[in-house]
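Undergrad: coords.cif is reproduced below (mmCIF, C-alpha atoms).
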data_start
#
loop_
_atom_site.label_atom_id
_atom_site.label_comp_id
_atom_site.auth_asym_id
_atom_site.auth_seq_id
_atom_site.Cartn_x
_atom_site.Cartn_y
_atom_site.Cartn_z
CA MET A 128 123.44 84.81 83.65
CA GLU A 129 120.47 82.55 84.32
CA HIS A 130 122.40 79.36 83.63
CA GLN A 131 124.86 80.16 86.44
CA ALA A 132 122.23 80.14 89.17
CA PRO A 133 122.03 77.01 91.35
CA ALA A 134 119.25 74.64 90.28
CA LEU A 135 117.28 75.31 93.46
CA PHE A 136 116.78 78.95 92.51
CA VAL A 137 116.05 78.20 88.87
CA ALA A 138 113.38 75.76 90.10
CA LEU A 139 111.99 78.36 92.50
CA GLU A 140 111.67 80.92 89.72
CA GLY A 141 110.04 78.30 87.52
CA SER A 142 107.55 77.23 90.20
CA GLY A 143 103.83 77.83 89.94
CA LEU A 144 103.98 80.17 92.91
CA ALA A 145 106.63 82.38 91.29
CA ALA A 146 104.73 82.38 87.99
CA ALA A 147 101.55 83.39 89.80
CA ILE A 148 103.38 86.29 91.46
CA ARG A 149 104.74 87.49 88.09
CA GLN A 150 101.52 87.03 86.16
CA SER A 151 99.15 88.59 88.68
CA LEU A 152 98.54 92.28 88.19
CA PHE A 153 98.53 92.97 91.93
CA LEU A 154 100.63 90.33 93.77
CA TYR A 155 104.05 91.74 92.88
CA PRO A 156 103.11 95.37 93.60
CA LEU A 157 101.35 94.20 96.79
CA ALA A 158 104.52 92.43 97.96
CA ASN A 159 106.56 95.50 97.03
CA VAL A 160 104.31 97.89 98.97
CA GLY A 161 103.97 95.44 101.89
CA HIS A 162 107.75 95.07 102.07
CA ILE A 163 108.33 98.82 102.32
CA VAL A 164 105.49 99.40 104.83
CA ALA A 165 106.78 96.54 107.00
CA LEU A 166 110.27 98.01 106.70
CA VAL A 167 109.03 101.35 108.03
CA CYS A 168 107.40 99.61 111.03
CA PHE A 169 110.50 97.48 111.55
CA ALA A 170 112.85 100.46 111.37
CA GLY A 171 110.78 102.55 113.76
CA ALA A 172 110.42 99.81 116.36
CA ILE A 173 114.02 98.63 116.15
CA ALA A 174 115.24 102.22 116.48
CA VAL A 175 113.31 102.46 119.77
CA MET A 176 114.90 99.19 120.99
CA ASP A 177 118.40 100.04 119.87
CA LEU A 178 118.34 103.63 121.13
CA ARG A 179 117.17 102.39 124.53
CA LEU A 180 120.03 99.85 124.51
CA VAL A 181 122.64 102.48 123.76
CA GLY A 182 121.32 104.65 126.61
CA ALA A 183 118.65 106.96 125.17
CA PHE A 184 115.28 107.50 126.96
CA ALA A 185 117.18 106.86 130.20
CA ALA A 186 114.19 107.81 132.36
CA THR A 187 112.18 104.80 131.13
CA VAL A 188 112.30 101.25 132.48
CA PRO A 189 114.28 99.31 129.82
CA ALA A 190 112.23 96.11 130.00
CA LEU A 191 108.93 97.95 129.38
CA VAL A 192 110.16 99.87 126.35
CA ILE A 193 112.19 97.08 124.80
CA ALA A 194 109.69 94.25 125.28
CA ARG A 195 106.90 96.26 123.62
CA ALA A 196 109.02 97.41 120.70
CA ARG A 197 110.28 93.84 120.33
CA ARG A 198 106.76 92.57 119.52
CA VAL A 199 106.41 95.09 116.70
CA VAL A 200 109.88 94.18 115.43
CA ILE A 201 109.03 90.46 115.32
CA ALA A 202 105.69 91.04 113.56
CA ALA A 203 107.28 93.40 111.02
CA LEU A 204 110.14 90.96 110.43
CA CYS A 205 107.63 88.20 109.64
CA VAL A 206 105.91 90.42 107.04
CA LEU A 207 109.31 91.41 105.63
CA ALA A 208 110.28 87.76 105.29
CA VAL A 209 107.05 86.75 103.51
CA THR A 210 106.95 89.74 101.13
CA GLY A 211 110.70 89.55 100.56
CA PHE A 212 110.38 85.87 99.63
CA MET A 213 107.62 86.75 97.13
CA LEU A 214 109.76 89.43 95.47
CA PHE A 215 112.75 87.08 95.46
CA ALA A 216 110.87 84.05 94.10
CA ALA A 217 109.59 85.97 91.08
CA GLU A 218 113.16 86.57 89.86
CA ALA A 219 115.15 84.09 91.95
CA SER A 220 117.66 82.99 89.32
CA HIS A 221 118.74 86.56 88.61
CA VAL A 222 118.47 88.02 92.10
CA VAL A 223 120.43 85.22 93.79
CA LEU A 224 123.46 86.18 91.68
CA ASN A 225 123.09 89.89 92.45
CA PRO A 226 126.09 90.96 94.58
CA VAL A 227 124.07 93.52 96.55
CA PHE A 228 121.39 90.92 97.32
CA GLN A 229 124.11 88.54 98.52
CA LEU A 230 125.57 91.30 100.70
CA LYS A 231 122.10 92.09 102.06
CA MET A 232 121.46 88.45 103.02
CA ALA A 233 124.88 88.25 104.69
CA LEU A 234 124.11 91.42 106.68
CA VAL A 235 120.69 90.02 107.67
CA ALA A 236 122.45 86.87 108.92
CA VAL A 237 124.92 88.97 110.93
CA GLY A 238 121.99 91.00 112.28
CA LEU A 239 120.19 87.85 113.44
CA VAL A 240 123.39 86.52 115.05
CA ASN A 241 123.69 89.89 116.85
CA VAL A 242 120.11 89.44 118.09
CA ALA A 243 120.88 85.90 119.31
CA ILE A 244 124.04 86.99 121.12
CA TYR A 245 122.21 89.88 122.77
CA GLU A 246 119.17 87.84 123.77
CA TRP A 247 121.32 85.03 125.25
CA GLY A 248 124.02 87.18 126.78
CA ALA A 249 122.57 90.56 127.71
CA GLN A 250 118.78 90.71 127.60
CA GLY A 251 118.32 89.19 131.08
CA ALA A 252 120.58 91.80 132.65
CA VAL A 253 118.91 94.62 130.67
CA TYR A 254 115.40 93.54 131.68
CA ALA A 255 116.47 93.58 135.36
CA LEU A 256 117.55 97.24 135.21
CA PRO A 257 115.49 100.00 136.81
CA ALA A 258 114.83 103.32 135.07
CA GLY A 259 117.89 105.56 134.91
CA ALA A 260 120.47 102.76 135.35
CA ALA A 261 123.51 102.69 133.06
CA MET A 262 123.30 100.11 130.26
CA PRO A 263 125.82 97.25 130.35
CA ARG A 264 128.57 97.63 127.75
CA ARG A 265 127.53 94.51 125.80
CA ALA A 266 123.98 95.83 125.47
CA ARG A 267 125.23 99.17 124.13
CA ILE A 268 127.47 97.40 121.63
CA ALA A 269 124.58 95.20 120.46
CA GLY A 270 122.42 98.32 120.01
CA PHE A 271 125.04 100.17 117.96
CA ILE A 272 125.73 97.15 115.77
CA SER A 273 122.00 96.61 115.24
CA LEU A 274 121.34 100.23 114.22
CA GLY A 275 124.19 100.23 111.70
CA LEU A 276 123.40 96.78 110.30
CA TRP A 277 119.69 97.31 109.69
CA LEU A 278 120.29 100.68 108.04
CA ALA A 279 122.82 98.99 105.77
CA VAL A 280 120.34 96.17 105.04
CA ALA A 281 117.72 98.75 104.01
CA ALA A 282 120.22 100.55 101.77
CA CYS A 283 121.21 97.25 100.14
CA GLY A 284 117.58 96.30 99.59
CA ARG A 285 116.82 99.44 97.64
CA SER A 286 120.08 99.06 95.70
CA ILE A 287 119.40 95.55 94.37
CA ALA A 288 117.50 96.97 91.40
CA TYR A 289 120.50 99.01 90.28
CA PHE A 290 123.16 96.30 90.06
CA MET B 231 133.28 100.99 118.14
CA LYS B 232 130.50 103.54 117.88
CA ARG B 233 132.39 105.69 115.40
CA LEU B 234 133.32 102.63 113.34
CA VAL B 235 129.72 101.43 113.10
CA ILE B 236 128.48 104.89 112.09
CA LEU B 237 131.23 105.15 109.47
CA ALA B 238 130.42 101.69 108.12
CA ALA B 239 126.70 102.51 107.94
CA PHE B 240 127.48 105.76 106.16
CA ALA B 241 129.71 103.98 103.66
CA MET B 242 126.92 101.50 102.96
CA LEU B 243 124.45 104.31 102.33
CA VAL B 244 126.74 106.37 100.13
CA GLY B 245 128.29 103.54 98.10
CA PRO B 246 125.07 102.53 96.31
CA ALA B 247 124.19 106.18 95.57
CA VAL B 248 127.42 106.59 93.61
CA ALA B 249 126.75 103.47 91.54
CA HIS B 250 123.08 104.33 90.99
CA HIS B 251 121.58 103.02 87.72
CA GLY B 252 117.80 102.70 87.28
CA TRP B 253 116.94 104.37 83.99
CA GLY B 254 120.60 105.45 84.23
CA SER B 255 121.79 102.08 82.92
CA TYR B 256 120.08 103.05 79.64
CA ASP B 257 121.76 105.45 77.23
CA ALA B 258 119.22 108.30 77.07
CA ALA B 259 121.62 110.35 74.93
CA HIS B 260 121.16 107.89 72.06
CA PRO B 261 117.47 107.02 71.74
CA ILE B 262 116.53 104.37 69.22
CA THR B 263 113.35 103.10 67.62
CA VAL B 264 112.99 99.35 67.21
CA THR B 265 110.24 98.36 64.80
CA GLY B 266 109.21 94.84 63.88
CA PRO B 267 107.16 91.80 64.72
CA ILE B 268 106.87 90.64 68.34
CA LEU B 269 108.54 87.23 68.62
CA THR B 270 107.92 86.58 72.32
CA SER B 271 105.86 88.44 74.89
CA LYS B 272 106.02 88.11 78.66
CA PHE B 273 103.20 90.10 80.25
CA GLU B 274 104.70 89.69 83.71
CA ASN B 275 105.94 91.70 86.69
CA PRO B 276 108.19 93.40 87.58
CA HIS B 277 108.29 94.55 83.91
CA ALA B 278 106.65 93.19 80.80
CA THR B 279 109.26 92.24 78.19
CA LEU B 280 109.12 91.56 74.48
CA THR B 281 111.56 90.24 71.96
CA VAL B 282 111.21 92.11 68.69
CA ARG B 283 112.83 91.36 65.34
CA GLY B 284 114.21 94.77 64.46
CA SER B 285 115.82 95.72 61.15
CA ASP B 286 119.30 94.99 62.54
CA LYS B 287 118.81 92.29 65.17
CA VAL B 288 116.44 90.78 67.72
CA TRP B 289 115.97 93.20 70.60
CA THR B 290 114.76 92.52 74.11
CA VAL B 291 112.37 95.39 74.81
CA THR B 292 111.68 96.14 78.47
CA LEU B 293 108.28 97.72 79.05
CA ALA B 294 106.48 98.70 82.29
CA PRO B 295 104.87 96.92 85.27
CA THR B 296 101.76 95.08 84.08
CA SER B 297 99.35 97.07 86.28
CA ARG B 298 100.56 100.35 84.74
CA MET B 299 100.36 98.92 81.22
CA THR B 300 96.84 97.67 81.88
CA SER B 301 95.70 101.04 83.22
CA ARG B 302 97.00 102.67 80.03
CA GLY B 303 95.33 100.18 77.74
CA ALA B 304 98.50 98.30 76.74
CA LEU B 305 96.95 94.92 77.55
CA ALA B 306 98.57 91.56 76.94
CA ALA B 307 96.53 91.28 73.73
CA VAL B 308 98.03 94.56 72.48
CA VAL B 309 101.62 93.38 72.87
CA ALA B 310 100.89 89.81 71.77
CA VAL B 311 103.17 87.65 69.63
CA GLY B 312 102.75 88.43 65.93
CA LYS B 313 101.77 92.08 66.39
CA THR B 314 104.04 94.72 64.93
CA VAL B 315 105.40 97.14 67.49
CA SER B 316 107.42 100.31 67.22
CA ALA B 317 109.29 100.93 70.45
CA TYR B 318 111.01 104.25 71.11
CA GLY B 319 113.53 104.10 73.94
CA TYR B 320 117.09 103.74 75.05
CA PRO B 321 119.63 100.95 74.59
CA SER B 322 120.97 99.32 77.74
CA THR B 323 124.54 100.01 78.70
CA ALA B 324 124.60 96.80 80.76
CA GLU B 325 122.64 94.15 78.83
CA LYS B 326 123.45 93.30 75.23
CA ASP B 327 120.62 93.88 72.71
CA GLU B 328 118.24 95.17 75.38
CA MET B 329 116.39 98.47 75.30
CA ARG B 330 113.87 100.11 77.62
CA ALA B 331 110.88 101.64 75.93
CA GLU B 332 109.74 105.15 76.73
CA ARG B 333 106.68 104.57 74.56
CA ILE B 334 105.39 102.00 72.10
CA ILE B 335 103.11 102.23 69.08
CA VAL B 336 100.90 99.27 68.17
CA ASP B 337 98.20 99.46 65.47
CA GLY B 338 98.66 103.22 65.23
CA LYS B 339 98.05 103.79 68.94
CA THR B 340 100.73 105.19 71.25
CA TYR B 341 101.16 103.87 74.79
CA GLU B 342 103.42 105.67 77.27
CA MET B 343 105.49 103.32 79.42
CA ARG B 344 106.83 105.86 81.95
#
Please rewrite the model in this file as structure tokens.

TA:
Amino acid sequence: MEHQAPALFVALEGSGLAAAIRQSLFLYPLANVGHIVALVCFAGAIAVMDLRLVGAFAATVPALVIARARRVVIAALCVLAVTGFMLFAAEASHVVLNPVFQLKMALVAVGLVNVAIYEWGAQGAVYALPAGAAMPRRARIAGFISLGLWLAVAACGRSIAYF
Amino acid sequence: MKRLVILAAFAMLVGPAVAHHGWGSYDAAHPITVTGPILTSKFENPHATLTVRGSDKVWTVTLAPTSRMTSRGALAAVVAVGKTVSAYGYPSTAEKDEMRAERIIVDGKTYEMR
């Protein structure tokens, strides 16, 4: 299958960085463990954000809860991106052709578009709300979509090894 | 909308479980032993791999992560090119001429891979 991969990914797998990740005893396991730990932090923080958006914890001020969780989400996403790139680079020419990996990347893209739409179109209104106020419909939709998408991304991630 | 998203998420979670492989993509009902000289050796993550000239054909033999192999004494020098290995394991149901080793014997010493 290797010959079918675009040259960019063959070159990535053949790079010194990718070779170092494969040949080191600890780099690949470290990236693997770091990816899952970051995922746990990401999932916990994004669940807080999304649940608040769909109307849970109604007694809290939305801006306080969401803005704090958002920092954890961003930090965890950065770690996920770095460790994910390490895992990907080591086997790029195979993984890029993996249908579940392709689905996962598509879902990540949709998830980031959902974030952009929410932050441009709804976050201002949400941050202005007092405790106990009803969430705008577009914020609730963004929260539901986000919860479903990131769970699906996590399921895809674990499934890559089995396809 | 809410119901649809929950259904979609559920479908995503269940779908992969049905198609689960792992060691499952190897035919554990028909274990084989491949014995012969090591032609190539990649002591690399996520799994070390060898090519071995067996009695019937050249097999790709998938071993374990390098940190596990190292902790069990199966160092790169043990599975080096030119050594003779006997690998007990299961043929892949997905990849042609590939098998995953449960254990290997090199120079009379047995190393567990799982």

Undergrad: Pick out the chain A residues within 10 Å of chain B. Count all atoms listed in the file. Give them as an MDAnalysis selection string.

TA: chainID A and resid 146:156 159 181 214 217:218 227 267:268 270:283 285:290

Undergrad: Only C-alpha atoms, please: the residues just picked out, written as an mmCIF file, in the coordinates of the input.

TA:
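Listing of again-v5.cif after writing:
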data_model
loop_
_atom_site.group_PDB
_atom_site.id
_atom_site.type_symbol
_atom_site.label_atom_id
_atom_site.label_comp_id
_atom_site.auth_asym_id
_atom_site.auth_seq_id
_atom_site.Cartn_x
_atom_site.Cartn_y
_atom_site.Cartn_z
ATOM 1 C CA ALA A 146 104.730 82.380 87.990
ATOM 2 C CA ALA A 147 101.550 83.390 89.800
ATOM 3 C CA ILE A 148 103.380 86.290 91.460
ATOM 4 C CA ARG A 149 104.740 87.490 88.090
ATOM 5 C CA GLN A 150 101.520 87.030 86.160
ATOM 6 C CA SER A 151 99.150 88.590 88.680
ATOM 7 C CA LEU A 152 98.540 92.280 88.190
ATOM 8 C CA PHE A 153 98.530 92.970 91.930
ATOM 9 C CA LEU A 154 100.630 90.330 93.770
ATOM 10 C CA TYR A 155 104.050 91.740 92.880
ATOM 11 C CA PRO A 156 103.110 95.370 93.600
ATOM 12 C CA ASN A 159 106.560 95.500 97.030
ATOM 13 C CA VAL A 181 122.640 102.480 123.760
ATOM 14 C CA LEU A 214 109.760 89.430 95.470
ATOM 15 C CA ALA A 217 109.590 85.970 91.080
ATOM 16 C CA GLU A 218 113.160 86.570 89.860
ATOM 17 C CA VAL A 227 124.070 93.520 96.550
ATOM 18 C CA ARG A 267 125.230 99.170 124.130
ATOM 19 C CA ILE A 268 127.470 97.400 121.630
ATOM 20 C CA GLY A 270 122.420 98.320 120.010
ATOM 21 C CA PHE A 271 125.040 100.170 117.960
ATOM 22 C CA ILE A 272 125.730 97.150 115.770
ATOM 23 C CA SER A 273 122.000 96.610 115.240
ATOM 24 C CA LEU A 274 121.340 100.230 114.220
ATOM 25 C CA GLY A 275 124.190 100.230 111.700
ATOM 26 C CA LEU A 276 123.400 96.780 110.300
ATOM 27 C CA TRP A 277 119.690 97.310 109.690
ATOM 28 C CA LEU A 278 120.290 100.680 108.040
ATOM 29 C CA ALA A 279 122.820 98.990 105.770
ATOM 30 C CA VAL A 280 120.340 96.170 105.040
ATOM 31 C CA ALA A 281 117.720 98.750 104.010
ATOM 32 C CA ALA A 282 120.220 100.550 101.770
ATOM 33 C CA CYS A 283 121.210 97.250 100.140
ATOM 34 C CA ARG A 285 116.820 99.440 97.640
ATOM 35 C CA SER A 286 120.080 99.060 95.700
ATOM 36 C CA ILE A 287 119.400 95.550 94.370
ATOM 37 C CA ALA A 288 117.500 96.970 91.400
ATOM 38 C CA TYR A 289 120.500 99.010 90.280
ATOM 39 C CA PHE A 290 123.160 96.300 90.060
#

Undergrad: Taking the file as shown, find all residues satisfying the PyMOL selection byres ((chain B and resi 315) around 6) and write them as a PDB file with C-alpha atoms, keeping the file's coordinate frame.

TA:
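expr_16.pdb, freshly written:
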ATOM      1  CA  THR B 265     110.240  98.360  64.800  1.00  0.00           C
ATOM      2  CA  GLY B 266     109.210  94.840  63.880  1.00  0.00           C
ATOM      3  CA  THR B 314     104.040  94.720  64.930  1.00  0.00           C
ATOM      4  CA  SER B 316     107.420 100.310  67.220  1.00  0.00           C
ATOM      5  CA  ILE B 335     103.110 102.230  69.080  1.00  0.00           C
ATOM      6  CA  VAL B 336     100.900  99.270  68.170  1.00  0.00           C
TER       7      VAL B 336
END

Undergrad: Need the shell around Val199 in chain A: protein/DNA/RNA residues with any atom at most 10 Å away, counting only C-alpha atoms. Skip same-chain ones fewer than 3 positions apart. Format as a list in words?

TA: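 In the requested form, the answer reads Ala165, Cys168, Phe169, Ala170, Gly171, Ala172, Ile173, Ala194, Arg195, Ala196, Ala202, Ala203, Leu204 and Cys205 of chain A.
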
Undergrad: If you measure from CA of Thr279 in chain B to CA of Ala307 in chain B, what distance in Å do you get, rounded to one decimal?

TA: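 That distance, rounded to one decimal, is 13.5 Å.
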
Undergrad: Any idea what's packed within 12 Å of Trp247 in chain A, counting only C-alpha atoms, ignoring anything in its chain fewer than 5 positions away? Could you give it as number ranges by chain?

TA: A: 240-242, 252-253, 265-266, 269

Undergrad: May I ask for the distance between CA of Ala317 in chain B and CA of Glu332 in chain B, given in Å to one decimal place?

TA: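 Between these atoms lies a distance of 7.6 Å.
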
Undergrad: Between B:Thr281, B:Thr323, B:Ser301, B:Thr290, which has the minimum distance to Ala258 in chain B (counting only C-alpha atoms)?

TA: B:Thr323

Undergrad: To one decimal in Å, tell me the separation between CA of Val309 in chain B and CA of Phe215 in chain A.

TA: 26.0 Å

Undergrad: Starting from the displayed file, determine the output of the PyMOL selection byres ((chain B and resi 333) around 7) and express the residue list as a PyMOL selection string.

TA: chain B and resi 317-319+331-332+334-335+340-343

Undergrad: Selected by the PyMOL selection byres ((chain A and resi 137) around 12) in the shown coordinates: which residues, as a list in words?

TA: Met128, Glu129, His130, Gln131, Ala132, Pro133, Ala134, Leu135, Phe136, Ala138, Leu139, Glu140, Gly141, Ser142, Ala145, Phe215, Ala216, Ala217, Glu218, Ala219, Ser220, His221, Val222, Val223 and Leu224 of chain A

Undergrad: Given only C-alpha atoms as the basis, pick out the residue of B:Val264, B:Leu269, B:Leu305, B:Ala259 nearest to Asp286 in chain B.

TA: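 Smallest distance to Asp286 in chain B is found for B:Val264.
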
Undergrad: Here is a test: counting all atoms listed in the file, which residue of B:Arg344, B:Thr270, B:Gly338, B:Met329 is nearest to Asp257 in chain B?

TA: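 Smallest separation from Asp257 in chain B among the options: B:Met329.
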
Undergrad: Which residue out of B:Gly312, B:Tyr320, B:Pro267, B:Ala306 has the minimum interatomic distance to Thr292 in chain B when only C-alpha atoms are used?

TA: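 Of B:Gly312, B:Tyr320, B:Pro267, B:Ala306, the one nearest Thr292 in chain B, counting only C-alpha atoms, is B:Tyr320.
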
Undergrad: Quick one: of A:Leu178, A:Met262, A:Leu157, A:Ala255, who's nearest to Leu191 in chain A, counting all atoms listed in the file?

TA: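 Selected residue with least distance to Leu191 in chain A: A:Ala255.
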